[in-house]
>>> print(open('coords.txt').read())   # compact mmCIF, C-alpha atoms and all ligand atoms
# COMPACT_ATOMS: atom_id res chain seq x y z
CA MET Y 8 19.94 -2.78 16.99
CA ARG Y 9 22.69 -5.04 15.71
CA LYS Y 10 25.80 -2.87 15.35
CA GLU Y 11 26.77 -4.00 11.89
CA GLY Y 12 23.24 -3.89 10.44
CA TYR Y 13 20.97 -6.52 8.91
CA ASN Y 14 21.08 -8.74 5.86
CA VAL Y 15 18.09 -7.70 3.77
CA ALA Y 16 16.68 -9.32 0.61
CA ILE Y 17 14.19 -7.77 -1.81
CA ALA Y 18 12.25 -10.32 -3.87
CA GLY Y 19 10.99 -8.47 -6.95
CA ALA Y 20 13.73 -5.84 -6.76
CA THR Y 21 13.47 -4.96 -10.47
CA GLY Y 22 9.76 -4.08 -10.25
CA ALA Y 23 7.96 -0.81 -9.53
CA VAL Y 24 7.46 -1.63 -5.83
CA GLY Y 25 10.90 -3.28 -5.48
CA GLY Y 26 12.55 -0.13 -6.89
CA ALA Y 27 10.63 1.97 -4.38
CA MET Y 28 11.81 -0.35 -1.58
CA LEU Y 29 15.42 0.39 -2.54
CA ASP Y 30 14.62 4.09 -2.49
CA VAL Y 31 12.84 3.94 0.90
CA LEU Y 32 15.59 1.83 2.55
CA ALA Y 33 18.12 4.46 1.42
CA ARG Y 34 15.99 7.50 2.36
CA ARG Y 35 15.33 6.11 5.86
CA ASP Y 36 18.90 4.91 6.29
CA PHE Y 37 17.77 1.41 7.25
CA PRO Y 38 20.73 -0.37 8.90
CA ILE Y 39 21.90 -2.76 6.18
CA LYS Y 40 24.92 -5.04 6.20
CA GLU Y 41 24.12 -6.95 2.98
CA LEU Y 42 21.41 -6.13 0.46
CA ARG Y 43 20.44 -9.06 -1.79
CA LEU Y 44 18.34 -8.21 -4.85
CA LEU Y 45 16.22 -11.01 -6.29
CA ALA Y 46 14.07 -11.32 -9.40
CA SER Y 47 13.28 -13.72 -12.23
CA GLU Y 48 15.68 -15.41 -14.64
CA ARG Y 49 15.09 -12.48 -17.01
CA SER Y 50 16.93 -10.14 -14.66
CA ILE Y 51 19.89 -12.24 -13.50
CA GLY Y 52 23.04 -10.14 -13.67
CA LYS Y 53 21.18 -6.87 -14.17
CA VAL Y 54 22.76 -4.16 -12.00
CA LEU Y 55 20.75 -1.92 -9.66
CA GLN Y 56 22.09 0.97 -7.57
CA PHE Y 57 21.80 1.35 -3.80
CA LYS Y 58 23.37 4.36 -2.10
CA GLY Y 59 25.73 4.76 -5.06
CA LYS Y 60 26.83 1.10 -5.05
CA ASP Y 61 26.16 -1.39 -7.84
CA ILE Y 62 24.36 -4.60 -6.82
CA LYS Y 63 23.81 -7.52 -9.20
CA VAL Y 64 20.36 -9.09 -9.32
CA GLN Y 65 20.22 -12.78 -8.40
CA LEU Y 66 17.63 -15.47 -9.01
CA LEU Y 67 14.68 -15.70 -6.62
CA ASP Y 68 14.59 -19.33 -5.57
CA ASP Y 69 14.44 -21.47 -2.42
CA ASN Y 70 18.19 -21.10 -1.84
CA ALA Y 71 18.32 -17.31 -2.13
CA PHE Y 72 17.69 -16.57 1.55
CA GLU Y 73 20.63 -18.12 3.41
CA GLY Y 74 21.86 -15.67 6.05
CA ILE Y 75 19.03 -13.19 5.37
CA ASP Y 76 17.42 -11.47 8.39
CA LYS Y 77 14.61 -9.57 6.64
CA ALA Y 78 13.05 -10.49 3.29
CA LEU Y 79 10.80 -7.92 1.62
CA PHE Y 80 8.61 -9.57 -1.04
CA SER Y 81 6.98 -7.76 -4.00
CA ALA Y 82 7.21 -10.27 -6.84
CA GLY Y 83 3.50 -11.12 -7.02
CA ALA Y 84 1.31 -13.41 -4.94
CA GLN Y 85 2.37 -16.65 -6.65
CA ARG Y 86 6.07 -15.99 -5.96
CA SER Y 87 5.18 -15.21 -2.34
CA LEU Y 88 3.35 -18.51 -2.01
CA ASP Y 89 6.26 -20.31 -3.69
CA PHE Y 90 9.21 -18.74 -1.86
CA ALA Y 91 8.17 -16.85 1.32
CA PRO Y 92 7.88 -20.05 3.40
CA ALA Y 93 11.42 -21.05 2.31
CA ALA Y 94 12.71 -17.61 3.29
CA ALA Y 95 11.06 -17.95 6.70
CA ARG Y 96 12.49 -21.45 7.15
CA ALA Y 97 15.95 -20.04 6.37
CA GLY Y 98 15.50 -17.70 9.35
CA ALA Y 99 14.35 -14.49 7.67
CA VAL Y 100 11.31 -12.51 8.79
CA VAL Y 101 9.26 -12.02 5.62
CA VAL Y 102 7.29 -8.84 4.98
CA ASP Y 103 5.03 -9.69 2.05
CA ASN Y 104 3.42 -7.05 -0.17
CA SER Y 105 1.08 -9.38 -2.01
CA SER Y 106 -2.41 -10.65 -1.21
CA ALA Y 107 -1.06 -14.21 -0.75
CA PHE Y 108 -1.21 -14.31 3.06
CA ARG Y 109 -3.28 -11.26 4.04
CA MET Y 110 -6.38 -13.13 5.17
CA ASP Y 111 -4.52 -16.08 6.73
CA PRO Y 112 -5.55 -16.03 10.40
CA LYS Y 113 -2.05 -17.19 11.41
CA ILE Y 114 -0.37 -14.25 9.69
CA PRO Y 115 -0.54 -10.67 10.97
CA LEU Y 116 -1.71 -7.93 8.57
CA VAL Y 117 -0.06 -4.72 9.64
CA VAL Y 118 -0.13 -0.95 9.21
CA PRO Y 119 2.40 0.30 11.77
CA GLU Y 120 0.41 3.47 12.63
CA VAL Y 121 -2.74 1.38 13.16
CA ASN Y 122 -1.98 -2.06 14.65
CA PRO Y 123 1.76 -2.34 15.39
CA GLN Y 124 0.94 -4.76 18.23
CA ALA Y 125 -0.07 -7.39 15.67
CA ILE Y 126 3.56 -7.66 14.50
CA ASN Y 127 4.26 -9.83 17.54
CA ASP Y 128 2.14 -12.57 15.99
CA TYR Y 129 4.62 -13.12 13.14
CA LYS Y 130 6.48 -15.93 14.93
CA ASP Y 131 4.05 -18.70 14.01
CA GLN Y 132 4.82 -18.51 10.26
CA GLY Y 133 7.71 -16.01 10.11
CA ILE Y 134 5.61 -13.89 7.74
CA ILE Y 135 3.95 -10.47 8.11
CA ALA Y 136 1.54 -9.29 5.42
CA ASN Y 137 1.35 -5.76 4.05
CA PRO Y 138 -2.24 -4.71 3.25
CA ASN Y 139 -3.49 -3.48 -0.11
CA CYS Y 140 -2.54 0.14 -0.87
CA SER Y 141 -6.14 1.41 -0.82
CA THR Y 142 -6.73 -0.14 2.60
CA ILE Y 143 -3.52 1.23 4.11
CA GLN Y 144 -4.11 4.92 3.41
CA MET Y 145 -7.76 4.76 4.48
CA LEU Y 146 -6.99 3.13 7.81
CA VAL Y 147 -4.09 5.48 8.64
CA ALA Y 148 -6.62 8.34 8.49
CA LEU Y 149 -9.52 6.52 10.19
CA LYS Y 150 -7.63 5.00 13.14
CA PRO Y 151 -7.70 8.15 15.35
CA ILE Y 152 -11.47 8.46 14.73
CA LEU Y 153 -11.99 4.77 15.53
CA ASP Y 154 -10.13 5.24 18.81
CA LYS Y 155 -12.05 8.38 19.77
CA VAL Y 156 -15.69 7.60 18.91
CA GLY Y 157 -15.84 4.19 17.18
CA ILE Y 158 -16.89 3.51 13.58
CA LYS Y 159 -20.06 1.67 12.54
CA ARG Y 160 -19.81 1.82 8.75
CA ILE Y 161 -17.43 2.95 6.00
CA VAL Y 162 -18.48 3.80 2.43
CA VAL Y 163 -15.47 4.39 0.18
CA SER Y 164 -14.96 5.23 -3.49
CA THR Y 165 -11.38 5.12 -4.76
CA TYR Y 166 -9.69 6.94 -7.63
CA GLN Y 167 -6.61 4.77 -8.20
CA ALA Y 168 -3.48 5.66 -10.14
CA VAL Y 169 -2.25 3.44 -12.97
CA SER Y 170 1.09 2.81 -11.19
CA GLY Y 171 -0.88 0.36 -9.01
CA THR Y 172 -0.90 -1.91 -12.08
CA GLY Y 173 2.88 -1.60 -12.55
CA ASN Y 174 5.12 0.01 -15.14
CA PRO Y 175 3.35 -1.29 -18.29
CA ALA Y 176 0.20 0.57 -17.25
CA ILE Y 177 2.12 3.84 -16.82
CA ASP Y 178 3.55 3.35 -20.33
CA GLU Y 179 0.05 2.65 -21.69
CA LEU Y 180 -1.43 5.85 -20.21
CA ARG Y 181 1.46 7.94 -21.57
CA ALA Y 182 1.21 6.33 -25.02
CA GLN Y 183 -2.56 6.88 -25.17
CA VAL Y 184 -2.23 10.57 -24.21
CA LYS Y 185 0.37 11.02 -26.98
CA SER Y 186 -1.76 9.20 -29.56
CA TYR Y 187 -4.81 11.26 -28.58
CA ALA Y 188 -2.88 14.52 -28.99
CA ALA Y 189 -1.62 13.36 -32.38
CA GLY Y 190 -5.13 12.37 -33.48
CA GLU Y 191 -4.07 8.73 -33.81
CA ARG Y 192 -5.91 5.53 -32.83
CA LEU Y 193 -5.47 4.59 -29.15
CA GLU Y 194 -4.21 1.09 -28.29
CA ALA Y 195 -5.41 -0.58 -25.04
CA GLU Y 196 -3.59 -3.71 -23.85
CA VAL Y 197 -3.14 -3.50 -20.07
CA TYR Y 198 -6.73 -2.40 -19.36
CA PRO Y 199 -9.86 -3.64 -21.14
CA HIS Y 200 -10.71 -0.05 -22.17
CA GLN Y 201 -8.92 3.22 -22.92
CA ILE Y 202 -7.63 4.67 -19.64
CA ALA Y 203 -6.61 8.11 -20.96
CA PHE Y 204 -9.45 10.65 -20.36
CA ASN Y 205 -11.54 7.87 -18.84
CA CYS Y 206 -12.45 6.21 -15.51
CA LEU Y 207 -12.74 2.43 -15.24
CA PRO Y 208 -14.88 1.07 -12.36
CA HIS Y 209 -12.90 -2.15 -12.50
CA ILE Y 210 -9.76 -3.02 -10.48
CA ASP Y 211 -8.64 -6.65 -10.32
CA SER Y 212 -11.12 -9.34 -11.35
CA PHE Y 213 -14.87 -9.52 -10.77
CA LEU Y 214 -16.28 -11.90 -8.15
CA ASP Y 215 -19.62 -13.73 -8.03
CA ASN Y 216 -21.10 -11.06 -5.71
CA GLY Y 217 -20.58 -8.35 -8.37
CA TYR Y 218 -17.74 -6.67 -6.51
CA THR Y 219 -14.14 -6.70 -7.68
CA LYS Y 220 -11.36 -8.41 -5.72
CA GLU Y 221 -9.88 -4.96 -4.98
CA GLU Y 222 -13.20 -3.90 -3.40
CA MET Y 223 -13.40 -7.03 -1.27
CA LYS Y 224 -9.75 -6.62 -0.22
CA MET Y 225 -10.73 -3.25 1.27
CA VAL Y 226 -13.69 -4.80 3.11
CA ASN Y 227 -11.92 -7.86 4.52
CA GLU Y 228 -8.56 -6.27 5.29
CA THR Y 229 -10.22 -3.35 7.14
CA ARG Y 230 -12.09 -5.76 9.40
CA LYS Y 231 -8.96 -7.80 10.11
CA ILE Y 232 -6.75 -4.79 10.89
CA PHE Y 233 -9.40 -3.03 13.01
CA GLU Y 234 -10.13 -6.41 14.66
CA ASP Y 235 -13.86 -5.83 14.20
CA ASN Y 236 -15.92 -8.08 11.95
CA SER Y 237 -19.07 -6.09 12.75
CA ILE Y 238 -17.82 -2.93 11.04
CA GLY Y 239 -19.76 -2.27 7.81
CA VAL Y 240 -17.50 -1.59 4.83
CA THR Y 241 -18.53 -1.12 1.22
CA ALA Y 242 -16.22 -0.04 -1.60
CA THR Y 243 -16.26 1.02 -5.25
CA THR Y 244 -12.74 1.01 -6.69
CA VAL Y 245 -12.05 2.99 -9.85
CA ARG Y 246 -8.95 3.32 -12.04
CA VAL Y 247 -8.32 6.89 -13.17
CA PRO Y 248 -5.75 8.43 -15.55
CA VAL Y 249 -3.33 9.51 -12.81
CA VAL Y 250 0.24 8.15 -12.67
CA TYR Y 251 1.01 8.21 -8.93
CA GLY Y 252 -1.31 8.69 -5.93
CA HIS Y 253 -4.54 7.00 -4.99
CA SER Y 254 -7.40 9.31 -3.89
CA GLU Y 255 -10.38 8.19 -1.82
CA ALA Y 256 -13.75 9.73 -0.99
CA VAL Y 257 -14.57 8.22 2.39
CA ASN Y 258 -17.87 8.49 4.26
CA ILE Y 259 -18.10 7.10 7.77
CA GLU Y 260 -20.89 6.63 10.23
CA THR Y 261 -19.43 6.88 13.71
CA LYS Y 262 -20.73 5.32 16.92
CA GLY Y 263 -20.42 8.55 18.91
CA LYS Y 264 -20.76 12.17 17.78
CA ILE Y 265 -17.64 13.87 16.40
CA THR Y 266 -17.57 17.28 14.73
CA ALA Y 267 -15.64 18.15 11.58
CA GLN Y 268 -13.40 20.43 13.66
CA GLU Y 269 -12.65 17.58 16.08
CA VAL Y 270 -11.69 15.33 13.16
CA LYS Y 271 -9.41 18.08 11.79
CA ASP Y 272 -7.77 18.40 15.21
CA LEU Y 273 -7.24 14.63 15.34
CA MET Y 274 -5.65 14.66 11.87
CA LYS Y 275 -3.18 17.38 12.93
CA THR Y 276 -1.45 14.96 15.30
CA ALA Y 277 -2.23 11.60 13.71
CA ALA Y 278 0.83 9.47 12.94
CA GLY Y 279 1.61 9.38 9.22
CA VAL Y 280 -1.08 11.97 8.35
CA LYS Y 281 -0.83 15.52 7.03
CA LEU Y 282 -3.94 17.69 7.22
CA VAL Y 283 -4.43 19.69 4.00
CA ASP Y 284 -7.79 21.35 4.46
CA ASN Y 285 -8.12 25.01 3.59
CA PRO Y 286 -10.85 25.23 0.94
CA ALA Y 287 -10.88 29.05 1.11
CA ASN Y 288 -7.41 28.93 -0.49
CA ASN Y 289 -8.23 25.96 -2.76
CA GLU Y 290 -6.05 23.75 -0.57
CA TYR Y 291 -7.00 20.09 -0.36
CA PRO Y 292 -5.13 16.81 -0.95
CA LEU Y 293 -4.10 16.26 -4.57
CA ALA Y 294 -2.62 13.17 -6.18
CA LEU Y 295 -0.03 15.36 -7.89
CA ASP Y 296 1.13 16.64 -4.47
CA CYS Y 297 1.53 13.25 -2.79
CA GLU Y 298 4.16 11.75 -5.12
CA GLY Y 299 7.32 10.86 -3.20
CA LYS Y 300 5.77 11.83 0.16
CA PHE Y 301 5.66 9.50 3.16
CA GLU Y 302 2.55 11.13 4.68
CA THR Y 303 -1.07 10.42 3.79
CA LEU Y 304 -2.84 13.70 2.96
CA VAL Y 305 -6.31 14.26 4.43
CA GLY Y 306 -8.76 17.07 3.76
CA ARG Y 307 -12.31 18.11 2.69
CA ILE Y 308 -13.42 17.09 6.18
CA ARG Y 309 -17.15 17.74 6.57
CA GLU Y 310 -20.03 16.50 8.68
CA ASP Y 311 -22.42 14.29 6.72
CA GLU Y 312 -25.66 16.23 7.11
CA SER Y 313 -27.80 13.29 6.02
CA ILE Y 314 -27.20 11.26 9.20
CA GLU Y 315 -26.72 12.01 12.90
CA ASN Y 316 -23.09 10.89 13.24
CA GLY Y 317 -21.37 11.04 9.87
CA ILE Y 318 -18.13 12.43 8.43
CA ASN Y 319 -16.93 12.84 4.84
CA MET Y 320 -13.26 13.12 3.99
CA TRP Y 321 -10.82 12.96 1.06
CA ILE Y 322 -7.69 10.84 1.56
CA VAL Y 323 -4.70 10.85 -0.81
CA SER Y 324 -1.42 8.93 -0.62
CA ASP Y 325 1.48 7.76 -2.78
CA ASN Y 326 0.29 4.22 -3.54
CA ILE Y 327 3.79 2.91 -4.23
CA LEU Y 328 5.24 4.39 -1.03
CA LYS Y 329 2.78 4.25 1.91
CA GLY Y 330 0.64 1.86 -0.15
CA ALA Y 331 3.48 -0.66 -0.55
CA ALA Y 332 7.23 -0.03 -0.11
CA LEU Y 333 7.18 2.41 2.82
CA ASN Y 334 4.68 0.37 4.85
CA ALA Y 335 6.85 -2.74 4.39
CA VAL Y 336 10.02 -0.95 5.46
CA GLN Y 337 8.21 0.58 8.46
CA ILE Y 338 7.22 -2.93 9.56
CA ALA Y 339 10.87 -4.00 9.34
CA GLU Y 340 11.82 -0.91 11.36
CA VAL Y 341 9.35 -1.84 14.12
CA LEU Y 342 10.84 -5.35 14.22
CA ILE Y 343 14.30 -4.00 14.91
CA LYS Y 344 13.28 -1.03 17.09
CA GLU Y 345 11.18 -3.17 19.40
CA HIS Y 346 13.87 -5.89 19.39
CA ILE Y 347 11.29 -8.33 18.08
CA SER Y 348 13.74 -9.78 15.58
P1 LIG R 401 6.22 -5.23 -11.52
O1 LIG R 401 6.73 -3.85 -11.75
O2 LIG R 401 5.64 -5.99 -12.65
O3 LIG R 401 7.44 -6.11 -10.87
C1 LIG R 401 7.31 -7.48 -10.64
C2 LIG R 401 8.56 -8.00 -9.96
O4 LIG R 401 8.38 -9.39 -9.68
C3 LIG R 401 9.80 -7.89 -10.82
O5 LIG R 401 10.93 -7.68 -10.02
C4 LIG R 401 9.85 -9.26 -11.47
O6 LIG R 401 11.16 -9.64 -11.88
C5 LIG R 401 9.42 -10.12 -10.30
N1 LIG R 401 8.94 -11.40 -10.80
C6 LIG R 401 7.92 -11.62 -11.63
N2 LIG R 401 7.82 -12.93 -11.92
C7 LIG R 401 8.82 -13.53 -11.27
C8 LIG R 401 9.28 -14.88 -11.15
N3 LIG R 401 8.68 -15.87 -11.80
N4 LIG R 401 10.35 -15.15 -10.37
C9 LIG R 401 10.97 -14.14 -9.72
N5 LIG R 401 10.61 -12.85 -9.78
C10 LIG R 401 9.54 -12.55 -10.54
O7 LIG R 401 5.11 -5.24 -10.39
P2 LIG R 401 4.95 -4.26 -9.13
O8 LIG R 401 4.03 -3.16 -9.51
O9 LIG R 401 6.28 -3.94 -8.57
O10 LIG R 401 4.15 -5.22 -8.12
C11 LIG R 401 4.72 -6.40 -7.65
C12 LIG R 401 3.79 -7.05 -6.65
O11 LIG R 401 3.73 -6.22 -5.49
C13 LIG R 401 2.33 -7.18 -7.12
O12 LIG R 401 2.14 -8.35 -7.87
C14 LIG R 401 1.59 -7.19 -5.81
O13 LIG R 401 1.55 -8.51 -5.29
C15 LIG R 401 2.44 -6.30 -4.94
N6 LIG R 401 1.85 -4.94 -4.90
C16 LIG R 401 1.22 -4.60 -3.78
C17 LIG R 401 0.63 -3.38 -3.70
C18 LIG R 401 -0.11 -3.05 -2.47
O14 LIG R 401 -1.21 -2.57 -2.60
N7 LIG R 401 0.44 -3.28 -1.29
C19 LIG R 401 0.68 -2.46 -4.72
C20 LIG R 401 1.34 -2.82 -5.87
C21 LIG R 401 1.93 -4.08 -5.94
P3 LIG R 401 11.62 -9.46 -13.41
O15 LIG R 401 11.91 -8.00 -13.58
O16 LIG R 401 12.82 -10.31 -13.48
O17 LIG R 401 10.49 -9.92 -14.26
O1 LIG R 402 -4.29 -1.79 -8.50
C1 LIG R 402 -3.81 -1.17 -7.55
O2 LIG R 402 -3.86 0.06 -7.47
C2 LIG R 402 -3.15 -1.92 -6.45
C3 LIG R 402 -2.71 -3.24 -6.91
C4 LIG R 402 -2.33 -4.20 -6.07
C5 LIG R 402 -2.01 -5.52 -6.55
C6 LIG R 402 -1.64 -5.73 -7.87
C7 LIG R 402 -1.36 -7.00 -8.33
C8 LIG R 402 -1.45 -8.09 -7.49
C9 LIG R 402 -2.06 -6.62 -5.67
C10 LIG R 402 -2.35 -6.40 -4.23
O3 LIG R 402 -1.47 -5.88 -3.55
O4 LIG R 402 -3.43 -6.73 -3.76
C11 LIG R 402 -1.81 -7.90 -6.16
C12 LIG R 402 -1.90 -9.10 -5.27
O5 LIG R 402 -0.94 -9.38 -4.59
O6 LIG R 402 -2.95 -9.75 -5.29
>>> encode(input="coords.txt", output="structure tokens", more="lines below")
Ligand code: NAP
Ligand code: 3JN
Amino acid sequence: MRKEGYNVAIAGATGAVGGAMLDVLARRDFPIKELRLLASERSIGKVLQFKGKDIKVQLLDDNAFEGIDKALFSAGAQRSLDFAPAAARAGAVVVDNSSAFRMDPKIPLVVPEVNPQAINDYKDQGIIANPNCSTIQMLVALKPILDKVGIKRIVVSTYQAVSGTGNPAIDELRAQVKSYAAGERLEAEVYPHQIAFNCLPHIDSFLDNGYTKEEMKMVNETRKIFEDNSIGVTATTVRVPVVYGHSEAVNIETKGKITAQEVKDLMKTAAGVKLVDNPANNEYPLALDCEGKFETLVGRIREDESIENGINMWIVSDNILKGAALNAVQIAEVLIKEHIS
């Protein structure tokens, strides 16, 4: 590690994920010499706090990255396409939270607990992509099973928190709950339907094949990260009236036999995982319990009795932390720990 620390930029620092990046960098004591906070014209001069110090927000543009070693991007896919290459040209390693580069074969797509070796491939473009939140938490839990017995097929249904849509969606859920309690009319602007007391089987836009983009992100990103295009993956992604924490019901068909107890034992030592599986005491992963936690919670582990080699499990994680900010910071940590950059 460089003694004096690294010059780090956050593009999208005023957003929900950018704010969490500030929090994670502080909580993990990432070695920082200079922290540069970048956002749109709307936020120039706004002051954000890092470890008790005030930092003024600057404009995200091509010239914002001079002297920067690590640039963490969470300002939306278009801003990543517009400015990440300039950041890389200026000498920064970019860790990008958007979907802009995830499926680019020249750019590694990384979950540090799953495929840290892929980070080495960043040199071609100077960019590393962070997967979608729903993919990250699922693969953290499935990787030890993949390594032990192999996985043929994954069937996943998600229950995704509104924070995945950003702060306006959190405000909308809260406003709708208040209006409902007051017996007033509910306004829906962020989502096409009322989200309070409802479930919307619709995340991101619909594609010609009838799936949503969010569902296809889970399919394609899983195959890229597991480096296996033959793995069957099918997803139904659902928005639910939860503020933080995505939950997932995951069914897998494995190549070899594995018992529920063996899966539980694997989860006890899996990196980034906490086993919460004691139904006799009503203990299982809950969205409300994952907020602010770095671990992905796994429980309700059962053998699928309808097939020879099948497992069902329930996977819950803080979508803004492991699903976005934490995963990005962990990638930056691997870069410095392994002396890659
Ligand atoms: P958000 O709360 O709306 O924040 C958006 C951020 O981008 C703000 O800092 C905003 O700056 C900045 N921004 C927007 N337009 C800009 C422009 N033209 N120039 C410069 N900065 C601009 O959104 P969020 O929830 O934090 O999500 C941000 C992005 O992170 C998403 O679009 C997505 O790509 C990614 N994300 C990834 C995951 C994941 O699954 N890994 C999860 C959530 C989000 P101002 O405040 O100045 O407008
Ligand atoms: O909806 C969620 O729960 C996760 C949202 C992720 C997201 C939101 C806006 C744009 C993404 C993403 O990370 O895939 C993007 C995007 O970059 O396409």
>>> closest_atom_pairs(input="coords.txt", of="chain Y", to="ligand LIG 402 (chain R)", cutoff="7 Å", atoms="all atoms listed in the file", output="tab-separated table")
residue	atom	partner	partner_atom	distance
Y:Gly83	CA	R:LIG402	O5	5.4
Y:Ala84	CA	R:LIG402	O5	4.6
Y:Asn104	CA	R:LIG402	O3	6.1
Y:Ser105	CA	R:LIG402	O5	3.3
Y:Ser106	CA	R:LIG402	O5	3.9
Y:Ala107	CA	R:LIG402	O5	6.2
Y:Pro138	CA	R:LIG402	O3	6.9
Y:Asn139	CA	R:LIG402	O3	4.7
Y:Cys140	CA	R:LIG402	C2	6.0
Y:Gln167	CA	R:LIG402	O2	5.5
Y:Ala168	CA	R:LIG402	O2	6.2
Y:Val169	CA	R:LIG402	O2	6.7
Y:Ser170	CA	R:LIG402	O2	6.8
Y:Gly171	CA	R:LIG402	O2	3.4
Y:Thr172	CA	R:LIG402	O1	4.9
Y:Ile210	CA	R:LIG402	O1	5.9
Y:Asp211	CA	R:LIG402	O1	6.8
Y:Glu221	CA	R:LIG402	O4	6.8
>>> residues_near_ligand(input="coords.txt", ligand="ligand LIG 401 (chain R)", cutoff="8 Å", atoms="only C-alpha atoms and all ligand atoms", output="PDB file with C-alpha atoms, in the coordinates of the input")
ATOM      1  CA  ALA Y  18      12.250 -10.320  -3.870  1.00  0.00           C
ATOM      2  CA  GLY Y  19      10.990  -8.470  -6.950  1.00  0.00           C
ATOM      3  CA  ALA Y  20      13.730  -5.840  -6.760  1.00  0.00           C
ATOM      4  CA  THR Y  21      13.470  -4.960 -10.470  1.00  0.00           C
ATOM      5  CA  GLY Y  22       9.760  -4.080 -10.250  1.00  0.00           C
ATOM      6  CA  ALA Y  23       7.960  -0.810  -9.530  1.00  0.00           C
ATOM      7  CA  VAL Y  24       7.460  -1.630  -5.830  1.00  0.00           C
ATOM      8  CA  GLY Y  25      10.900  -3.280  -5.480  1.00  0.00           C
ATOM      9  CA  GLY Y  26      12.550  -0.130  -6.890  1.00  0.00           C
ATOM     10  CA  LEU Y  45      16.220 -11.010  -6.290  1.00  0.00           C
ATOM     11  CA  ALA Y  46      14.070 -11.320  -9.400  1.00  0.00           C
ATOM     12  CA  SER Y  47      13.280 -13.720 -12.230  1.00  0.00           C
ATOM     13  CA  GLU Y  48      15.680 -15.410 -14.640  1.00  0.00           C
ATOM     14  CA  ARG Y  49      15.090 -12.480 -17.010  1.00  0.00           C
ATOM     15  CA  SER Y  50      16.930 -10.140 -14.660  1.00  0.00           C
ATOM     16  CA  ILE Y  51      19.890 -12.240 -13.500  1.00  0.00           C
ATOM     17  CA  LEU Y  66      17.630 -15.470  -9.010  1.00  0.00           C
ATOM     18  CA  LEU Y  67      14.680 -15.700  -6.620  1.00  0.00           C
ATOM     19  CA  ASP Y  68      14.590 -19.330  -5.570  1.00  0.00           C
ATOM     20  CA  PHE Y  80       8.610  -9.570  -1.040  1.00  0.00           C
ATOM     21  CA  SER Y  81       6.980  -7.760  -4.000  1.00  0.00           C
ATOM     22  CA  ALA Y  82       7.210 -10.270  -6.840  1.00  0.00           C
ATOM     23  CA  GLY Y  83       3.500 -11.120  -7.020  1.00  0.00           C
ATOM     24  CA  ALA Y  84       1.310 -13.410  -4.940  1.00  0.00           C
ATOM     25  CA  ARG Y  86       6.070 -15.990  -5.960  1.00  0.00           C
ATOM     26  CA  ASN Y 104       3.420  -7.050  -0.170  1.00  0.00           C
ATOM     27  CA  SER Y 105       1.080  -9.380  -2.010  1.00  0.00           C
ATOM     28  CA  SER Y 106      -2.410 -10.650  -1.210  1.00  0.00           C
ATOM     29  CA  ALA Y 107      -1.060 -14.210  -0.750  1.00  0.00           C
ATOM     30  CA  ASN Y 137       1.350  -5.760   4.050  1.00  0.00           C
ATOM     31  CA  PRO Y 138      -2.240  -4.710   3.250  1.00  0.00           C
ATOM     32  CA  ASN Y 139      -3.490  -3.480  -0.110  1.00  0.00           C
ATOM     33  CA  CYS Y 140      -2.540   0.140  -0.870  1.00  0.00           C
ATOM     34  CA  SER Y 141      -6.140   1.410  -0.820  1.00  0.00           C
ATOM     35  CA  THR Y 142      -6.730  -0.140   2.600  1.00  0.00           C
ATOM     36  CA  SER Y 170       1.090   2.810 -11.190  1.00  0.00           C
ATOM     37  CA  GLY Y 171      -0.880   0.360  -9.010  1.00  0.00           C
ATOM     38  CA  THR Y 172      -0.900  -1.910 -12.080  1.00  0.00           C
ATOM     39  CA  GLY Y 173       2.880  -1.600 -12.550  1.00  0.00           C
ATOM     40  CA  ASN Y 174       5.120   0.010 -15.140  1.00  0.00           C
ATOM     41  CA  PRO Y 175       3.350  -1.290 -18.290  1.00  0.00           C
ATOM     42  CA  ASN Y 326       0.290   4.220  -3.540  1.00  0.00           C
ATOM     43  CA  ILE Y 327       3.790   2.910  -4.230  1.00  0.00           C
ATOM     44  CA  GLY Y 330       0.640   1.860  -0.150  1.00  0.00           C
ATOM     45  CA  ALA Y 331       3.480  -0.660  -0.550  1.00  0.00           C
ATOM     46  CA  ALA Y 332       7.230  -0.030  -0.110  1.00  0.00           C
TER      47      ALA Y 332
END
>>> residues_around(input="coords.txt", residues="Val270 of chain Y", least_positions_apart="5", cutoff="9 Å", atoms="all atoms listed in the file", output="MDAnalysis selection string")
chainID Y and resid 151:152 265 275 308:309 318
>>> write_last_selection(input="coords.txt", atoms="C-alpha atoms", output="short mmCIF file (atom, residue, chain, number, x, y, z; two decimals), in the frame of the given file")
data_model
loop_
_atom_site.label_atom_id
_atom_site.label_comp_id
_atom_site.auth_asym_id
_atom_site.auth_seq_id
_atom_site.Cartn_x
_atom_site.Cartn_y
_atom_site.Cartn_z
CA PRO Y 151 -7.70 8.15 15.35
CA ILE Y 152 -11.47 8.46 14.73
CA ILE Y 265 -17.64 13.87 16.40
CA LYS Y 275 -3.18 17.38 12.93
CA ILE Y 308 -13.42 17.09 6.18
CA ARG Y 309 -17.15 17.74 6.57
CA ILE Y 318 -18.13 12.43 8.43
#
>>> axis_aligned_box(input="coords.txt", around="segment 277-288 of chain Y", padding_each_side="5 Å", output="lines of an AutoDock Vina configuration file")
center_x = -4.6
center_y = 19.2
center_z = 6.6
size_x = 22.5
size_y = 29.7
size_z = 24.2
>>> closest_residue(input="coords.txt", among="Y:Met225, Y:Val197, Y:Val257, Y:Ile338", to="Ile143 of chain Y", atoms="only C-alpha atoms")
Y:Met225
>>> atom_distance(input="coords.txt", atom1="atom CA of Ile134 of chain Y", atom2="atom CA of Val101 of chain Y")
4.6 Å
